[in-house]
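**Q** Please read through the structure below; I'll follow up with questions.
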Amino acid sequence: MTRVGIIGAGNIGSTLAKGLVDRGYDVVIANSRGPETLADLVADLGDHATAATAEEAAAAGDFVIVTVPLKDYQEVPVAPLAGKIVLDTNNYYWERDGHIDALDAKATTTAGLLQEHLPTSKVAKAFNHITAETILTDGSDAGTPGRRALATASDYPEASALVTSLYDDFGYDTVDIGPLSESWRVERDQPAYVVAQNREELEANLARATR
């Protein structure tokens, strides 16, 4: 059974944890306040979920989801994620995160920052442009007309392939944007951000993005 580490237990992290457990994955989840503060969450998730520290979740996962406020991305442990695929759900809200010069200058992307912080990991963008409350409700079977689509981006084809498989598990088609340098197309305030869209609509919105 695949074990997924989740670093961050906010709305997205806890929702993905539930979705993963329901789909047969084991989950090891961490937050910034300590495993003991996740007792109620893991009790609700059941026997296939465990609370841990960030270091433990990073070490335990066959792949790992990082879903922390962007201002905290440099606190993500580096060594235990070496060689692993890391899914990045982060978004830049300067009102919360403070201004980040490289992002304000459009010199990088949110996922690019995480990849720079994790030079030995394989980062892919995932689940950042869908609201937490719709992750578990908007999916549908493959081939369903108008099936909602989500985008991914990575410098590593195997990471993009993992996201594609995971999206399908959750009921979504995938549009692969390409490298992380293009992941700005699904960041905040772009046409594809948190919009319910099928594959064709998502492709059109990605093309309409401006920087």
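Ligands are numbered from 1 in the order shown, residues from 1 within each chain, and chains are lettered A, B, ... in the order they appear in the structure tokens.
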Write down as an MDAnalysis selection string the residues of chain A whose backbone DSSP state falls under alpha helix (DSSP H).

**A** chainID A and resid 11:22 39:45 54:60 94:97 101:104 110:117 132:135 157:170 199:208

**Q** To one decimal place in Å, what is the distance between atom CA of Val68 of chain A and atom CA of Gln115 of chain A?

**A** 14.4 Å

**Q** What does the structure give for the distance between atom CA of Asn198 of chain A and atom CA of Ser154 of chain A, in Å to one decimal?

**A**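 Calculated distance between atom CA of Asn198 of chain A and atom CA of Ser154 of chain A is 20.9 Å.
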
**Q** Extract, using only C-alpha atoms, all DNA, RNA and protein residues at most 10 Å from Leu16 of chain A, discarding same-chain residues fewer than 6 positions from it, and format them as a ChimeraX atom specification.

**A** /A:6,9-10,22,27,65,67,127,132,135-136,170

**Q** Tell me, as a PyMOL selection string, which residues lie within 7 Å of Gln190 of chain A, counting only C-alpha atoms; anything in the same chain fewer than 4 positions away does not count.

**A** chain A and resi 185-186+209

**Q** Could those residues be written to a file, using C-alpha atoms, as a compact mmCIF listing (two decimals), in the first residue's frame?

**A**
```
# COMPACT_ATOMS: atom_id res chain seq x y z
CA ARG A 185 -0.32 29.91 -15.25
CA VAL A 186 -2.36 28.31 -12.44
CA ALA A 209 -2.77 33.69 -18.68
```

**Q** Excluding same-chain residues fewer than 5 positions from Ala153 of chain A, what lies within 8 Å of it counting only C-alpha atoms, as a VMD selection string?

**A** chain A and resid 124 to 126 160 176 to 180 182 to 183

**Q** Give the answer as one residue: which of A:Ala192, A:Gln197, A:Glu158, A:Phe63 has the shortest atom-to-atom distance to Tyr172 of chain A, using only C-alpha atoms?

**A**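 Closest to Tyr172 of chain A, using only C-alpha atoms: A:Gln197.
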
**Q** Going by DSSP on the backbone, which residues of chain A come out as strand (DSSP E)? List them as a PyMOL selection string.

**A** chain A and resi 3-7+26-30+49-51+63-66+85-88+122-125+149-154+173-178

**Q** Create the file for the chosen residues now, containing C-alpha atoms and written as a PDB file, in the first residue's frame.

**A**
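Listed below is the output, again39.pdb:
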```pdb
ATOM      1  CA  ARG A   3       2.087   5.707   2.040  1.00  0.00           C
ATOM      2  CA  VAL A   4       1.731   9.446   1.560  1.00  0.00           C
ATOM      3  CA  GLY A   5       3.371  12.028   3.773  1.00  0.00           C
ATOM      4  CA  ILE A   6       1.446  15.276   4.157  1.00  0.00           C
ATOM      5  CA  ILE A   7       3.184  18.329   5.589  1.00  0.00           C
ATOM      6  CA  ASP A  26      -1.897   5.223   4.154  1.00  0.00           C
ATOM      7  CA  VAL A  27      -1.351   8.807   5.326  1.00  0.00           C
ATOM      8  CA  VAL A  28       1.211  10.267   7.708  1.00  0.00           C
ATOM      9  CA  ILE A  29       0.266  13.888   8.395  1.00  0.00           C
ATOM     10  CA  ALA A  30       2.093  16.690  10.184  1.00  0.00           C
ATOM     11  CA  ALA A  49      -3.818   7.765   9.191  1.00  0.00           C
ATOM     12  CA  THR A  50      -1.040   8.660  11.612  1.00  0.00           C
ATOM     13  CA  ALA A  51       0.053  11.990  13.083  1.00  0.00           C
ATOM     14  CA  PHE A  63       5.685  10.610  -2.024  1.00  0.00           C
ATOM     15  CA  VAL A  64       4.942  13.742  -0.030  1.00  0.00           C
ATOM     16  CA  ILE A  65       2.460  16.610  -0.287  1.00  0.00           C
ATOM     17  CA  VAL A  66       3.596  20.018   0.947  1.00  0.00           C
ATOM     18  CA  ILE A  85       8.405  13.275  -5.559  1.00  0.00           C
ATOM     19  CA  VAL A  86       6.958  16.257  -3.681  1.00  0.00           C
ATOM     20  CA  LEU A  87       3.578  17.724  -4.607  1.00  0.00           C
ATOM     21  CA  ASP A  88       3.302  21.452  -4.018  1.00  0.00           C
ATOM     22  CA  LYS A 122      11.228  16.187  -7.717  1.00  0.00           C
ATOM     23  CA  VAL A 123       8.616  18.884  -7.216  1.00  0.00           C
ATOM     24  CA  ALA A 124       5.300  18.984  -9.081  1.00  0.00           C
ATOM     25  CA  LYS A 125       2.476  21.504  -8.850  1.00  0.00           C
ATOM     26  CA  ALA A 149      -9.696  19.103 -15.225  1.00  0.00           C
ATOM     27  CA  LEU A 150      -6.728  20.216 -13.150  1.00  0.00           C
ATOM     28  CA  ALA A 151      -3.236  21.202 -14.230  1.00  0.00           C
ATOM     29  CA  THR A 152       0.196  20.065 -13.170  1.00  0.00           C
ATOM     30  CA  ALA A 153       3.745  21.157 -13.928  1.00  0.00           C
ATOM     31  CA  SER A 154       7.128  19.656 -13.126  1.00  0.00           C
ATOM     32  CA  ASP A 173      -8.648  14.984 -16.019  1.00  0.00           C
ATOM     33  CA  THR A 174      -5.139  16.428 -16.241  1.00  0.00           C
ATOM     34  CA  VAL A 175      -3.538  19.132 -18.339  1.00  0.00           C
ATOM     35  CA  ASP A 176       0.254  19.015 -18.163  1.00  0.00           C
ATOM     36  CA  ILE A 177       1.588  22.560 -18.462  1.00  0.00           C
ATOM     37  CA  GLY A 178       5.203  21.436 -18.792  1.00  0.00           C
TER      38      GLY A 178
END
```

**Q** Go through A:Glu36, A:Glu201, A:Asp168, A:Glu187 and flag the residue nearest Asn90 of chain A, using only C-alpha atoms for the distances.

**A**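 For Asn90 of chain A, the nearest of the given residues is A:Glu187.
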
**Q** Which residues, written as a PyMOL selection string, have at least one atom at most 9 Å from Thr108 of chain A, with only C-alpha atoms counted and residues fewer than 6 positions away on the same chain left out?

**A** chain A and resi 102+180-181+184

**Q** Considering only C-alpha atoms, return as a CSV table (one decimal) with N, CA and C atoms, in the first residue's frame whatever protein or nucleic-acid residues lie within 9 Å of Val195 of chain A, sequence-local ones (same chain, fewer than 3 positions apart) excluded.

**A**
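Generated file (result08.csv):
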```
chain,number,residue,atom,x,y,z
A,129,HIS,N,-5.1,25.0,-7.4
A,129,HIS,CA,-6.1,25.8,-8.1
A,129,HIS,C,-7.5,25.2,-8.1
A,130,ILE,N,-7.8,24.6,-6.9
A,130,ILE,CA,-9.1,24.1,-6.6
A,130,ILE,C,-9.4,24.3,-5.1
A,131,THR,N,-10.6,24.7,-4.8
A,131,THR,CA,-10.9,25.0,-3.4
A,131,THR,C,-11.0,23.7,-2.6
A,191,PRO,N,-6.5,33.2,-15.1
A,191,PRO,CA,-7.9,32.7,-15.5
A,191,PRO,C,-8.2,31.3,-15.0
A,192,ALA,N,-7.2,30.5,-14.9
A,192,ALA,CA,-7.5,29.1,-14.5
A,192,ALA,C,-7.6,28.8,-13.0
A,202,LEU,N,-9.8,24.5,-19.5
A,202,LEU,CA,-8.6,24.7,-18.8
A,202,LEU,C,-7.4,25.1,-19.8
```

**Q** I'd like to know which of A:Ala39, A:Ala105, A:Asn128, A:Glu56 is closest to Gly13 of chain A, using only C-alpha atoms.

**A**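 Of A:Ala39, A:Ala105, A:Asn128, A:Glu56, the one nearest Gly13 of chain A, counting only C-alpha atoms, is A:Asn128.
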
**Q** Which of these residues is nearest to Asn91 of chain A, using only C-alpha atoms: A:Val76, A:Ala57, A:Ala111, A:Leu162?

**A**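 Closest to Asn91 of chain A, using only C-alpha atoms: A:Ala111.
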